[in-house]
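Asker: Before I ask anything, let me first share the structure, which is written out below as structure tokens.
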Amino acid sequence: MSGLEVHLPVLQVLIPLLAAPLCFLIRKESLVRFFAIGVTFACFAIATHLLGQVLDGPVIVYEFGGWARPIGIEYRVDILNAFVLVVVSGMAAVVFSAGIGQARRSIPEGREYLFYAAALLCLTGLLGVTITGDVFNVFVFLEISSLSSYILIALGQSRRALMAAFSYLIMGTIGATFLLIGIGLMYQMTGTLNMVDMAERLKDVSDTRTILVALAFVVVGISTKLAVFPLHQWLPNAYSFAPPLVSAFLASTATKVAYYLLIRFCFGIFGIAFVFEQVGIDVVLLPLSIAAMFIGSIAAIYQTDFKRLLAYSSIAQIGYMTLGLSLATQAGVSAGLIHVFNHALMKGALFMVAACVAWRMGGTKIEAMKGLGQRMPWTMAAMVVAGLALVGVPGTVGFVSKWALVMAALEKGSLLIPFLIMASSMLALVYVWRLVEVVYFEAPDTEIEAKEAPLRLLIPTWILAGASIYFGIFSSFAVDVAKRAATQLFAAGS
Amino acid sequence: MDTQTTILLSVLILPIVGAVGVVVLGRWPNLRDSWTVGIGISTFVNVCRLIGPVMDGARPAYALPNWMPGLGLGFEVEPLGLLFALVASGLWILTSLYGFGYMRGHQEVNQTRFFTCFAVAIAAALGIAFAGDLVTLFLFYEILTFSTFPLVTHAGTEAAMRAGRVYLGILVSTSVLFLLLAILWTASLSETLRFTPGGILDGKISGASAGLLLLLFAYGVGKAALMPFHRWLPAAMVAPTPVSALLHAVAVVKAGVFTVLKISIYVFGIDFLSADGLSDILMLIAATTILVASIRALFLDNLKARLAYSTISQLAYIVLGAALATSAAAMGAGLHILMHALGKITLFFVAGAVYVVAHKTEVSQLDGLGRRMPFTFGAYFIASLSIIGLPPLGGAWSKWFLVTGAFDAGQPWMAVVFMVSSLLSIGYLMPVVVRAFFRPLPEGEDDGIREAPLLMLLPICATALACIGIFFYADGVYRLLAPVMGLGG
């Protein structure tokens, strides 16, 4: 490996981390924007390169300062987190190119550089959580990403954004504290913070009550961040009042990283034998996932705001992911991971559509979207494509997810779970179709002056919408990688 | 890539090219409509070019690589699919001609959107016809549903939207809840989802689970309109008549029963189906649907609604043919796809012509119209006889094989069902003829009612004549299908 290539794991986090303060030096909005876009693309390039490396070779271990564990902190890149890194940095690149800082009426003119700094810090945190091999590092990076996302959300144009950010802050802090308590207990019992060592030593102490409590704290803490039903209360407000592109960014990255963490802790650290056979966490998680699928979708049907609808739909989609996890099989975990990728694409596209609508209309009330099909044909066509993907129509990524998830459930010998998955996707059809009807088949109440969204927004929207079809037809990339990630995870855990 | 594969792909792509062309040429109606016909004819000709090789035993195929690991998207031409493709693409031309007459005569708006969706729907129907595996079939099945939604709700009124929701709701929910589940279940049992002669499930599943799987498939194909999931079909009759004609007598509903037939032959396999009374429940459901729908049709005054229920009953013939699971019954079912399509499309054409010319929609309003529109109602008479199943009309052959098949399967009661249903169909089809020809025109009726415009009359006469012609040339169709049905060619 060449000199620079060795350091890619640390550069993955270091580049956005250093770029954030640099924004203060550059200051000028247009320059900062291109700088930030450049940074996200660099991150994406590194992530894809790392993924390529781990797909071909062994797990990459990066030791800070050359100190081997347990003395030094290490970054560990396996297929699982390389995959998540690609999703997070890729989505960041797309959303940043749409001009994440150009939110009308949100950010005082001349202060946009602060916004970009916060967004880059948020990205740093998310990438850091994903790449690190040290549980305390996880907590630190999680806080970095959370604190910066509170800022981003609070900048939403309505005053209610402040309240939404505040309640997210409360919930997020509780979640993080729980995680920290859990980590503390684990440290107390094992004397290490390194994930690999910890997994090794936990085996000896897994029958203690302390570890049981640690598991409870960790799982509840992460579940709060992940918005697992019924810990989802913060999500609808946060997503619907944040600036539109921030919602697009967070919806397609933040929850994905939290999901990754849950997988890492359950399968990589505590171990499948302890979590599922000894404690039986699936007894709780499975019903909650199914409840999320239904309650999230039903709530989405009754929303009057487009972004809020998407937020509730996210809760349901997270239900699919945790359902895959709670099956506790390789097929289940890989189905969940496939959905991480696919959901990032389609929900990212839909939030981008919301951003287009907000840009032209000033808001995202569904009522006000009547007849937009004629005014913003390309935007709305993207909404239909991504919406159908959400329903799981064949030829889209949603179908691939559903296929994998149902096959995983069938493998467990259950017909009921597949049926429930199908039934909940019918609910998705109801709320997606409601939008389609409003947009295409209803005449606008008043003459609206909206026209097609600017290309700056439209192109990223269509990149995501196009990807939801492309990867729905040529799905082997996501499916292969997710399968291999799950295989590697299970091989290491056993 | 050999010639046959090229033809196969061209058949799949041409209607899409057609759809794009319709959008582009939307501003010039004459050019747009000629384009549609041109594309229709070239598609049909290309489908016809596949007949020879397929009869010689060739199975042109094309697989799209790189889908999910272990699963491919692919196409394969086999006799049954070819028959369906012939029916769909051939009748598309006639319906287009008829559609121009209807839409212009009726001064409908959004004609470009209409003909675009029409072309996409045909593309989807052809995709279903040539699908090489269950997933591909499902993909095109859903495209067909969504592309026909704008056609069904063409009027844009509140009633049309409501009907559209019923249409979409039933078709999509059955397909996702049952059909997709059944496909996935099959995938977990068998390593392949390709349509394989003799089936892929034999020995992999048995007893009650097999019965459940069959029911999931049968009800999953909501387009086959088995009761109690038939409500979408009458609801969809709010659509303009050309839509009702092509989509709800040919493309959509035939896609449904074709899928059922294809699944019984290529997924379950006739031998497996007939073993252990696996399909008994399906048989009962189909028989009930036949009878109940026929009786319901007797009491409906709206002509299109009556024809819709007649369609439900006739579709169940095909499902019953598949469920009987004998070679003769399956042959009857295959033939009936063609025969019923020819007959029913004529009937819908007539209903539309009467609506455009005389603005009449109810059976009770048709008194005396036969004398003003002799060709139209003459065609109606011929097509009715074919639906009833009398020689010398095409419908006689399919009914012959279905009844023979019922006896072969040791189910004489099912033969009785076919017979009773024929009597019922006389009951709901013939009153129209009687009223039109033998009752006087009511006092004070508008004298302006004349024969339908030529663009509409030509397709009407063409399909009616085809009903007669096919009686004499059914042998060709029989030879085409025989290898699939396990009958010696």
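Labeling convention for the structure tokens: chains A, B, ... as they appear, residues from 1 per chain, ligands from 1 in order of appearance.
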Excluding segment 423-430 of chain A and residues on its chain fewer than 2 positions from it, collect all residues at most 8 Å away from it, counting only C-alpha atoms, and give them as a PyMOL selection string.

Answerer: (chain A and resi 293-294+297-298+301+313+388+390-392+419-421+432-434) or (chain B and resi 172-173+176-177)

Asker: Would you save the residues of that selection, restricted to N, CA and C atoms, as a PDB file, in the first residue's frame?

Answerer:
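And here is the file that came out, result-v5.pdb:
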```
ATOM      1  N   MET A 293     -43.844  -0.454  11.846  1.00  0.00           N
ATOM      2  CA  MET A 293     -44.232  -0.529  10.442  1.00  0.00           C
ATOM      3  C   MET A 293     -45.663  -0.062  10.245  1.00  0.00           C
ATOM      4  N   PHE A 294     -46.527  -0.482  11.154  1.00  0.00           N
ATOM      5  CA  PHE A 294     -47.939  -0.145  10.971  1.00  0.00           C
ATOM      6  C   PHE A 294     -48.275   1.241  11.499  1.00  0.00           C
ATOM      7  N   SER A 297     -46.779   4.001   9.364  1.00  0.00           N
ATOM      8  CA  SER A 297     -47.459   4.169   8.079  1.00  0.00           C
ATOM      9  C   SER A 297     -48.849   4.755   8.254  1.00  0.00           C
ATOM     10  N   ILE A 298     -49.554   4.285   9.282  1.00  0.00           N
ATOM     11  CA  ILE A 298     -50.916   4.804   9.480  1.00  0.00           C
ATOM     12  C   ILE A 298     -50.851   6.282   9.832  1.00  0.00           C
ATOM     13  N   ILE A 301     -50.383   8.378   6.816  1.00  0.00           N
ATOM     14  CA  ILE A 301     -51.569   8.568   5.984  1.00  0.00           C
ATOM     15  C   ILE A 301     -52.329   9.826   6.396  1.00  0.00           C
ATOM     16  N   SER A 313     -43.213   8.129   7.709  1.00  0.00           N
ATOM     17  CA  SER A 313     -42.877   6.985   6.873  1.00  0.00           C
ATOM     18  C   SER A 313     -41.489   6.451   7.243  1.00  0.00           C
ATOM     19  N   LEU A 388     -42.989   5.228  -5.369  1.00  0.00           N
ATOM     20  CA  LEU A 388     -43.253   3.837  -5.734  1.00  0.00           C
ATOM     21  C   LEU A 388     -42.174   2.931  -5.151  1.00  0.00           C
ATOM     22  N   LEU A 390     -40.797   3.443  -2.344  1.00  0.00           N
ATOM     23  CA  LEU A 390     -41.167   3.297  -0.936  1.00  0.00           C
ATOM     24  C   LEU A 390     -42.228   2.213  -0.769  1.00  0.00           C
ATOM     25  N   VAL A 391     -43.142   2.141  -1.725  1.00  0.00           N
ATOM     26  CA  VAL A 391     -44.181   1.111  -1.676  1.00  0.00           C
ATOM     27  C   VAL A 391     -43.557  -0.261  -1.924  1.00  0.00           C
ATOM     28  N   GLY A 392     -42.494  -0.288  -2.713  1.00  0.00           N
ATOM     29  CA  GLY A 392     -41.866  -1.571  -3.008  1.00  0.00           C
ATOM     30  C   GLY A 392     -42.295  -2.150  -4.336  1.00  0.00           C
ATOM     31  N   PHE A 419     -46.473 -11.748   5.592  1.00  0.00           N
ATOM     32  CA  PHE A 419     -47.788 -11.184   5.299  1.00  0.00           C
ATOM     33  C   PHE A 419     -47.905  -9.776   5.882  1.00  0.00           C
ATOM     34  N   LEU A 420     -47.407  -9.614   7.110  1.00  0.00           N
ATOM     35  CA  LEU A 420     -47.475  -8.292   7.737  1.00  0.00           C
ATOM     36  C   LEU A 420     -46.616  -7.281   6.991  1.00  0.00           C
ATOM     37  N   ILE A 421     -45.467  -7.734   6.484  1.00  0.00           N
ATOM     38  CA  ILE A 421     -44.612  -6.827   5.712  1.00  0.00           C
ATOM     39  C   ILE A 421     -45.364  -6.337   4.484  1.00  0.00           C
ATOM     40  N   VAL A 432     -48.610   7.242  -0.351  1.00  0.00           N
ATOM     41  CA  VAL A 432     -47.947   7.706  -1.569  1.00  0.00           C
ATOM     42  C   VAL A 432     -48.994   8.076  -2.619  1.00  0.00           C
ATOM     43  N   TRP A 433     -49.993   7.246  -2.740  1.00  0.00           N
ATOM     44  CA  TRP A 433     -50.993   7.503  -3.769  1.00  0.00           C
ATOM     45  C   TRP A 433     -51.787   8.761  -3.481  1.00  0.00           C
ATOM     46  N   ARG A 434     -51.975   9.038  -2.198  1.00  0.00           N
ATOM     47  CA  ARG A 434     -52.672  10.264  -1.826  1.00  0.00           C
ATOM     48  C   ARG A 434     -51.911  11.461  -2.397  1.00  0.00           C
TER      49      ARG A 434
ATOM     50  N   VAL B 172     -53.678  -3.686  -6.677  1.00  0.00           N
ATOM     51  CA  VAL B 172     -52.354  -3.628  -6.061  1.00  0.00           C
ATOM     52  C   VAL B 172     -52.327  -4.413  -4.762  1.00  0.00           C
ATOM     53  N   SER B 173     -53.375  -4.274  -3.950  1.00  0.00           N
ATOM     54  CA  SER B 173     -53.286  -4.955  -2.662  1.00  0.00           C
ATOM     55  C   SER B 173     -53.305  -6.463  -2.833  1.00  0.00           C
ATOM     56  N   VAL B 176     -49.811  -7.476  -4.090  1.00  0.00           N
ATOM     57  CA  VAL B 176     -48.714  -7.412  -3.119  1.00  0.00           C
ATOM     58  C   VAL B 176     -48.949  -8.393  -1.973  1.00  0.00           C
ATOM     59  N   LEU B 177     -50.182  -8.386  -1.465  1.00  0.00           N
ATOM     60  CA  LEU B 177     -50.444  -9.219  -0.285  1.00  0.00           C
ATOM     61  C   LEU B 177     -50.374 -10.707  -0.606  1.00  0.00           C
TER      62      LEU B 177
END
```

Asker: Do you have, as a tab-separated table, the list of residues of chain B lying at most 9 Å from chain A, each with its nearest atom pair and that distance in Å to one decimal, counting only C-alpha atoms and ordered by chain then number?

Answerer:
```
residue	atom	partner	partner_atom	distance
B:Pro65	CA	A:Phe474	CA	8.2
B:Asn66	CA	A:Phe474	CA	5.5
B:Trp67	CA	A:Phe474	CA	4.9
B:Met68	CA	A:Ser476	CA	5.0
B:Pro69	CA	A:Ser476	CA	6.1
B:Leu73	CA	A:Ile473	CA	8.6
B:Val135	CA	A:Pro394	CA	8.2
B:Thr136	CA	A:Pro394	CA	8.7
B:Phe138	CA	A:Pro394	CA	7.4
B:Leu139	CA	A:Pro394	CA	5.1
B:Phe140	CA	A:Pro394	CA	8.5
B:Glu142	CA	A:Val393	CA	7.3
B:Ile143	CA	A:Pro394	CA	8.7
B:Gly156	CA	A:Phe441	CA	7.2
B:Met161	CA	A:Phe441	CA	8.5
B:Gly169	CA	A:Val430	CA	8.5
B:Val172	CA	A:Met426	CA	7.9
B:Ser173	CA	A:Met426	CA	6.2
B:Val176	CA	A:Met422	CA	6.1
B:Leu177	CA	A:Met422	CA	5.2
B:Phe178	CA	A:Phe419	CA	8.1
B:Leu180	CA	A:Met422	CA	8.2
B:Leu181	CA	A:Phe419	CA	6.9
B:Leu184	CA	A:Met407	CA	6.5
B:Trp185	CA	A:Leu410	CA	7.1
B:Ala187	CA	A:Met407	CA	8.0
B:Ser188	CA	A:Met407	CA	6.7
```

Asker: Tell me, in Å to one decimal, how far atom CA of Phe249 of chain A is from atom CA of Ala331 of chain A.

Answerer: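 Between these atoms lies a distance of 28.0 Å.
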
Asker: Just list as a VMD selection string whatever in segment 20-192 of chain B DSSP marks as strand (DSSP E or B).

Answerer: chain B and resid 61 to 64 73 to 76 131 133

Asker: List the spatial neighbours of Arg113 of chain B as a CSV table (one decimal) with C-alpha atoms, in the first residue's frame - criterion: any atom at most 12 Å away, only C-alpha atoms, same-chain residues fewer than 6 positions off excluded.

Answerer:
```csv
chain,number,residue,atom,x,y,z
B,19,ALA,CA,-45.6,5.8,-26.3
B,20,VAL,CA,-42.7,8.2,-26.6
B,21,GLY,CA,-43.7,9.1,-30.1
B,22,VAL,CA,-47.3,9.8,-29.1
B,23,VAL,CA,-46.0,12.3,-26.5
B,24,VAL,CA,-43.7,14.0,-29.0
B,25,LEU,CA,-46.4,14.1,-31.7
B,26,GLY,CA,-49.1,15.1,-29.3
B,27,ARG,CA,-49.6,18.5,-31.0
B,29,PRO,CA,-53.5,14.6,-33.7
B,32,ARG,CA,-50.0,11.1,-33.7
B,119,ALA,CA,-49.2,2.1,-25.5
B,120,VAL,CA,-47.5,1.6,-22.2
B,147,SER,CA,-50.3,2.5,-16.5
B,148,THR,CA,-54.0,1.8,-16.8
B,149,PHE,CA,-55.0,3.9,-13.8
B,150,PRO,CA,-55.0,7.2,-15.8
B,151,LEU,CA,-57.1,5.4,-18.4
B,153,THR,CA,-59.9,7.8,-14.4
B,154,HIS,CA,-59.8,9.5,-17.7
```

Asker: Would you pick out the contacts of segment 2-13 of chain B at 7 Å or less, using only C-alpha atoms, so that residues sharing its chain but fewer than 3 positions from it are not included, and give the list as number ranges by chain?

Answerer: B: 16-17, 43, 46-47, 50, 60-62, 123, 126-127

Asker: Mind writing the picked residues with N, CA and C atoms as a tab-separated table (two decimals), in the first residue's frame?

Answerer:
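Listed below is the output, result.tsv:
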```tsv
chain	number	residue	atom	x	y	z
B	16	ILE	N	-43.09	0.92	-26.39
B	16	ILE	CA	-42.52	2.00	-25.59
B	16	ILE	C	-42.11	3.14	-26.53
B	17	VAL	N	-41.47	2.77	-27.64
B	17	VAL	CA	-41.13	3.78	-28.65
B	17	VAL	C	-42.41	4.47	-29.10
B	43	THR	N	-45.65	-3.89	-34.44
B	43	THR	CA	-45.57	-4.79	-33.29
B	43	THR	C	-46.24	-6.13	-33.62
B	46	ASN	N	-44.32	-8.25	-36.00
B	46	ASN	CA	-43.18	-8.88	-35.35
B	46	ASN	C	-43.59	-10.06	-34.48
B	47	VAL	N	-44.72	-9.90	-33.78
B	47	VAL	CA	-45.21	-11.03	-32.98
B	47	VAL	C	-45.51	-12.20	-33.91
B	50	LEU	N	-42.84	-14.52	-34.92
B	50	LEU	CA	-42.36	-15.51	-33.94
B	50	LEU	C	-43.14	-16.82	-34.03
B	60	PRO	N	-37.36	-18.63	-28.24
B	60	PRO	CA	-36.47	-17.46	-28.17
B	60	PRO	C	-36.47	-16.88	-26.76
B	61	ALA	N	-35.28	-16.56	-26.27
B	61	ALA	CA	-35.19	-16.09	-24.89
B	61	ALA	C	-34.18	-14.98	-24.79
B	62	TYR	N	-34.37	-14.14	-23.80
B	62	TYR	CA	-33.40	-13.09	-23.53
B	62	TYR	C	-33.38	-12.86	-22.02
B	123	ALA	N	-47.38	-2.42	-23.88
B	123	ALA	CA	-46.02	-2.88	-23.62
B	123	ALA	C	-45.99	-3.79	-22.40
B	126	LEU	N	-47.46	-7.17	-23.18
B	126	LEU	CA	-46.51	-8.01	-23.94
B	126	LEU	C	-45.40	-8.51	-23.02
B	127	GLY	N	-45.00	-7.66	-22.07
B	127	GLY	CA	-44.00	-8.10	-21.10
B	127	GLY	C	-44.51	-9.27	-20.29
```

Asker: Show which residues sit within 7 Å of segment 201-213 of chain B, as a ChimeraX atom specification. Count only C-alpha atoms, and ignore same-chain residues fewer than 6 positions away.

Answerer: /B:182,189-190,267-268,272,278-279

Asker: Residues at most 9 Å from segment 352-364 of chain B, counting only C-alpha atoms, excluding those fewer than 2 positions away in the same chain, as a PyMOL selection string?

Answerer: chain B and resi 102+105-106+240-242+245+300-304+306+347-350+366-367+369+373+376+431-432+435+446+448-453+456-457

Asker: Find, counting only C-alpha atoms, the residue in B:Leu233, B:Gly199, B:Phe472, B:Ile183 that gets nearest to Tyr167 of chain B.

Answerer: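 Of all the options, B:Leu233 lies closest to Tyr167 of chain B.
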
Asker: Could you pull out the residues in segment 11-224 of chain A that DSSP calls helix (DSSP H, G or I) from the backbone, as a compact mmCIF listing (two decimals) with C-alpha atoms, in the first residue's frame?

Answerer:
```txt
# COMPACT_ATOMS: atom_id res chain seq x y z
CA LEU A 11 -8.43 10.84 6.63
CA GLN A 12 -12.03 9.74 6.29
CA VAL A 13 -12.77 11.52 9.57
CA LEU A 14 -9.98 14.03 9.64
CA ILE A 15 -10.81 15.77 6.39
CA PRO A 16 -14.32 16.91 7.33
CA LEU A 17 -13.17 17.61 10.89
CA LEU A 18 -10.46 20.00 9.74
CA ALA A 19 -12.64 21.42 7.00
CA ALA A 20 -15.22 22.63 9.50
CA PRO A 21 -13.03 25.32 11.14
CA LEU A 22 -11.60 26.20 7.74
CA CYS A 23 -15.08 27.40 6.81
CA PHE A 24 -14.55 30.23 9.29
CA LEU A 25 -11.50 31.35 7.39
CA ILE A 26 -13.15 31.25 4.00
CA GLU A 29 -20.81 31.83 0.98
CA SER A 30 -20.12 30.79 -2.59
CA LEU A 31 -16.57 29.71 -1.79
CA VAL A 32 -17.57 27.84 1.35
CA ARG A 33 -20.21 26.03 -0.60
CA PHE A 34 -17.79 24.69 -3.17
CA PHE A 35 -15.27 23.93 -0.48
CA ALA A 36 -17.83 21.88 1.45
CA ILE A 37 -18.97 20.07 -1.66
CA GLY A 38 -15.36 19.23 -2.43
CA VAL A 39 -14.87 17.88 1.08
CA THR A 40 -17.92 15.62 0.88
CA PHE A 41 -16.81 14.27 -2.46
CA ALA A 42 -13.37 13.58 -1.04
CA CYS A 43 -15.02 11.69 1.82
CA PHE A 44 -17.11 9.73 -0.65
CA ALA A 45 -14.04 8.87 -2.71
CA ILE A 46 -12.21 7.66 0.39
CA ALA A 47 -15.20 5.61 1.52
CA THR A 48 -15.60 3.89 -1.83
CA HIS A 49 -11.91 3.20 -1.91
CA LEU A 50 -12.03 1.69 1.56
CA LEU A 51 -14.98 -0.44 0.59
CA GLY A 52 -13.11 -1.66 -2.47
CA GLN A 53 -10.16 -2.57 -0.27
CA VAL A 54 -12.13 -4.53 2.31
CA LEU A 55 -14.12 -6.29 -0.38
CA ASP A 56 -10.89 -7.57 -1.88
CA PHE A 64 -3.33 5.65 16.00
CA GLY A 65 0.26 6.65 16.44
CA GLY A 66 1.26 3.10 15.79
CA ILE A 79 -17.29 -4.60 4.94
CA LEU A 80 -20.12 -3.65 7.27
CA ASN A 81 -18.92 -0.21 8.23
CA ALA A 82 -17.27 0.49 4.90
CA PHE A 83 -20.71 -0.03 3.37
CA VAL A 84 -22.28 2.40 5.83
CA LEU A 85 -19.46 4.88 5.21
CA VAL A 86 -20.23 4.79 1.50
CA VAL A 87 -23.92 5.38 2.13
CA VAL A 88 -23.34 8.25 4.55
CA SER A 89 -20.65 10.04 2.56
CA GLY A 90 -22.44 9.44 -0.73
CA MET A 91 -25.67 10.91 0.55
CA ALA A 92 -23.72 13.80 2.04
CA ALA A 93 -22.09 14.48 -1.31
CA VAL A 94 -25.43 14.54 -3.10
CA VAL A 95 -27.22 16.69 -0.53
CA PHE A 96 -24.30 19.10 -0.16
CA SER A 97 -24.17 19.59 -3.92
CA GLU A 112 -23.89 30.69 5.97
CA TYR A 113 -20.35 29.60 6.69
CA LEU A 114 -21.43 28.76 10.25
CA PHE A 115 -24.06 26.51 8.84
CA TYR A 116 -21.60 24.70 6.61
CA ALA A 117 -19.25 24.26 9.54
CA ALA A 118 -22.03 22.64 11.56
CA ALA A 119 -23.02 20.40 8.68
CA LEU A 120 -19.44 19.26 8.16
CA LEU A 121 -19.07 18.57 11.87
CA CYS A 122 -22.22 16.51 11.76
CA LEU A 123 -20.76 14.52 8.89
CA THR A 124 -17.52 14.10 10.84
CA GLY A 125 -19.42 12.70 13.78
CA LEU A 126 -21.41 10.27 11.67
CA LEU A 127 -18.34 9.00 9.83
CA GLY A 128 -16.42 8.76 13.08
CA VAL A 129 -19.08 6.69 14.80
CA THR A 130 -19.07 4.34 11.88
CA ILE A 131 -15.38 3.85 11.42
CA VAL A 135 -16.65 2.24 22.10
CA PHE A 136 -15.81 5.45 23.91
CA ASN A 137 -14.89 7.00 20.59
CA VAL A 138 -18.35 6.00 19.44
CA PHE A 139 -19.88 8.06 22.20
CA VAL A 140 -17.69 11.09 21.48
CA PHE A 141 -18.43 11.09 17.78
CA LEU A 142 -22.09 10.48 18.41
CA GLU A 143 -22.17 13.61 20.55
CA ILE A 144 -20.34 15.59 17.87
CA SER A 145 -22.89 14.60 15.28
CA SER A 146 -25.83 15.13 17.64
CA LEU A 147 -24.79 18.55 18.87
CA SER A 148 -24.22 19.79 15.35
CA SER A 149 -27.51 18.33 14.16
CA TYR A 150 -29.35 20.24 16.91
CA ILE A 151 -27.91 23.41 15.39
CA LEU A 152 -28.91 22.39 11.90
CA ILE A 153 -32.46 21.57 12.93
CA ALA A 154 -32.88 24.73 14.97
CA ARG A 160 -41.29 25.69 15.97
CA ALA A 161 -37.96 24.45 14.71
CA LEU A 162 -36.45 25.67 17.96
CA MET A 163 -38.83 23.58 19.99
CA ALA A 164 -38.24 20.60 17.73
CA ALA A 165 -34.49 20.95 18.12
CA PHE A 166 -34.89 21.31 21.87
CA SER A 167 -36.95 18.17 22.26
CA TYR A 168 -34.52 16.33 20.02
CA LEU A 169 -31.75 17.62 22.25
CA ILE A 170 -33.47 16.28 25.36
CA MET A 171 -34.19 12.89 23.82
CA GLY A 172 -30.81 12.73 22.15
CA THR A 173 -29.01 13.54 25.38
CA ILE A 174 -30.94 10.94 27.29
CA GLY A 175 -30.09 8.42 24.60
CA ALA A 176 -26.43 9.36 24.63
CA THR A 177 -26.33 9.20 28.42
CA PHE A 178 -27.84 5.76 28.37
CA LEU A 179 -25.25 4.67 25.87
CA LEU A 180 -22.51 6.13 28.03
CA ILE A 181 -23.79 4.37 31.14
CA GLY A 182 -23.90 1.12 29.19
CA ILE A 183 -20.37 1.62 27.94
CA GLY A 184 -19.23 2.46 31.45
CA LEU A 185 -20.66 -0.75 32.83
CA MET A 186 -19.03 -2.74 30.06
CA TYR A 187 -15.71 -1.06 30.75
CA GLN A 188 -16.07 -1.85 34.41
CA MET A 189 -16.49 -5.53 33.68
CA THR A 190 -13.96 -5.93 30.91
CA MET A 195 -14.51 -3.42 20.50
CA VAL A 196 -12.60 -6.55 19.60
CA ASP A 197 -11.10 -7.01 23.06
CA MET A 198 -14.39 -6.24 24.66
CA ALA A 199 -16.20 -8.86 22.59
CA GLU A 200 -13.56 -11.34 23.61
CA ARG A 201 -13.76 -10.61 27.34
CA LEU A 202 -17.52 -10.24 27.51
CA LYS A 203 -17.88 -13.94 26.86
CA ASP A 204 -16.56 -14.72 30.33
CA VAL A 205 -18.76 -12.30 32.17
CA ARG A 209 -26.26 -8.87 35.92
CA THR A 210 -24.02 -5.89 35.17
CA ILE A 211 -23.65 -6.92 31.55
CA LEU A 212 -27.35 -7.54 31.29
CA VAL A 213 -27.97 -4.01 32.52
CA ALA A 214 -25.28 -2.70 30.20
CA LEU A 215 -27.04 -4.32 27.26
CA ALA A 216 -30.32 -2.73 28.27
CA PHE A 217 -28.76 0.73 28.53
CA VAL A 218 -26.89 0.41 25.25
CA VAL A 219 -29.87 -0.89 23.30
CA VAL A 220 -32.28 1.70 24.67
CA GLY A 221 -29.73 4.45 24.13
CA ILE A 222 -29.12 3.55 20.51
CA SER A 223 -32.80 2.90 19.90
CA THR A 224 -33.53 6.47 20.94
```

Asker: For atom CA of Val284 of chain A and atom CA of Leu310 of chain A, determine how far apart the two atoms are, in Å to one decimal place.

Answerer: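 Taking atom CA of Val284 of chain A and atom CA of Leu310 of chain A, their separation equals 25.6 Å.
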
Asker: For segment 408-412 of chain B, list every protein, DNA or RNA residue within 7 Å, evaluated using only C-alpha atoms, and leave out those in the same chain fewer than 3 positions away; present the list as a list in words.

Answerer: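 Listed by chain and then number, they are Leu324, Thr326, Thr404, Gly405, Ala415 and Val416 of chain B.
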
Asker: So how far away is atom CA of Ala255 of chain B from atom CA of Leu307 of chain B, in Å?

Answerer: 18.1 Å

Asker: Between A:Thr192, A:Ser158, A:Thr208, A:Ser314, single out the one closest to Ala251 of chain A, counting only C-alpha atoms.

Answerer: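 With only C-alpha atoms as the atom set, the closest residue is A:Ser314.
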
Asker: Which residue out of B:Gly343, B:Gly81, B:Gly52, B:Gly40 has the minimum interatomic distance to Ala125 of chain B when only C-alpha atoms are used?

Answerer: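 Among the listed residues, B:Gly81 lies closest to Ala125 of chain B.
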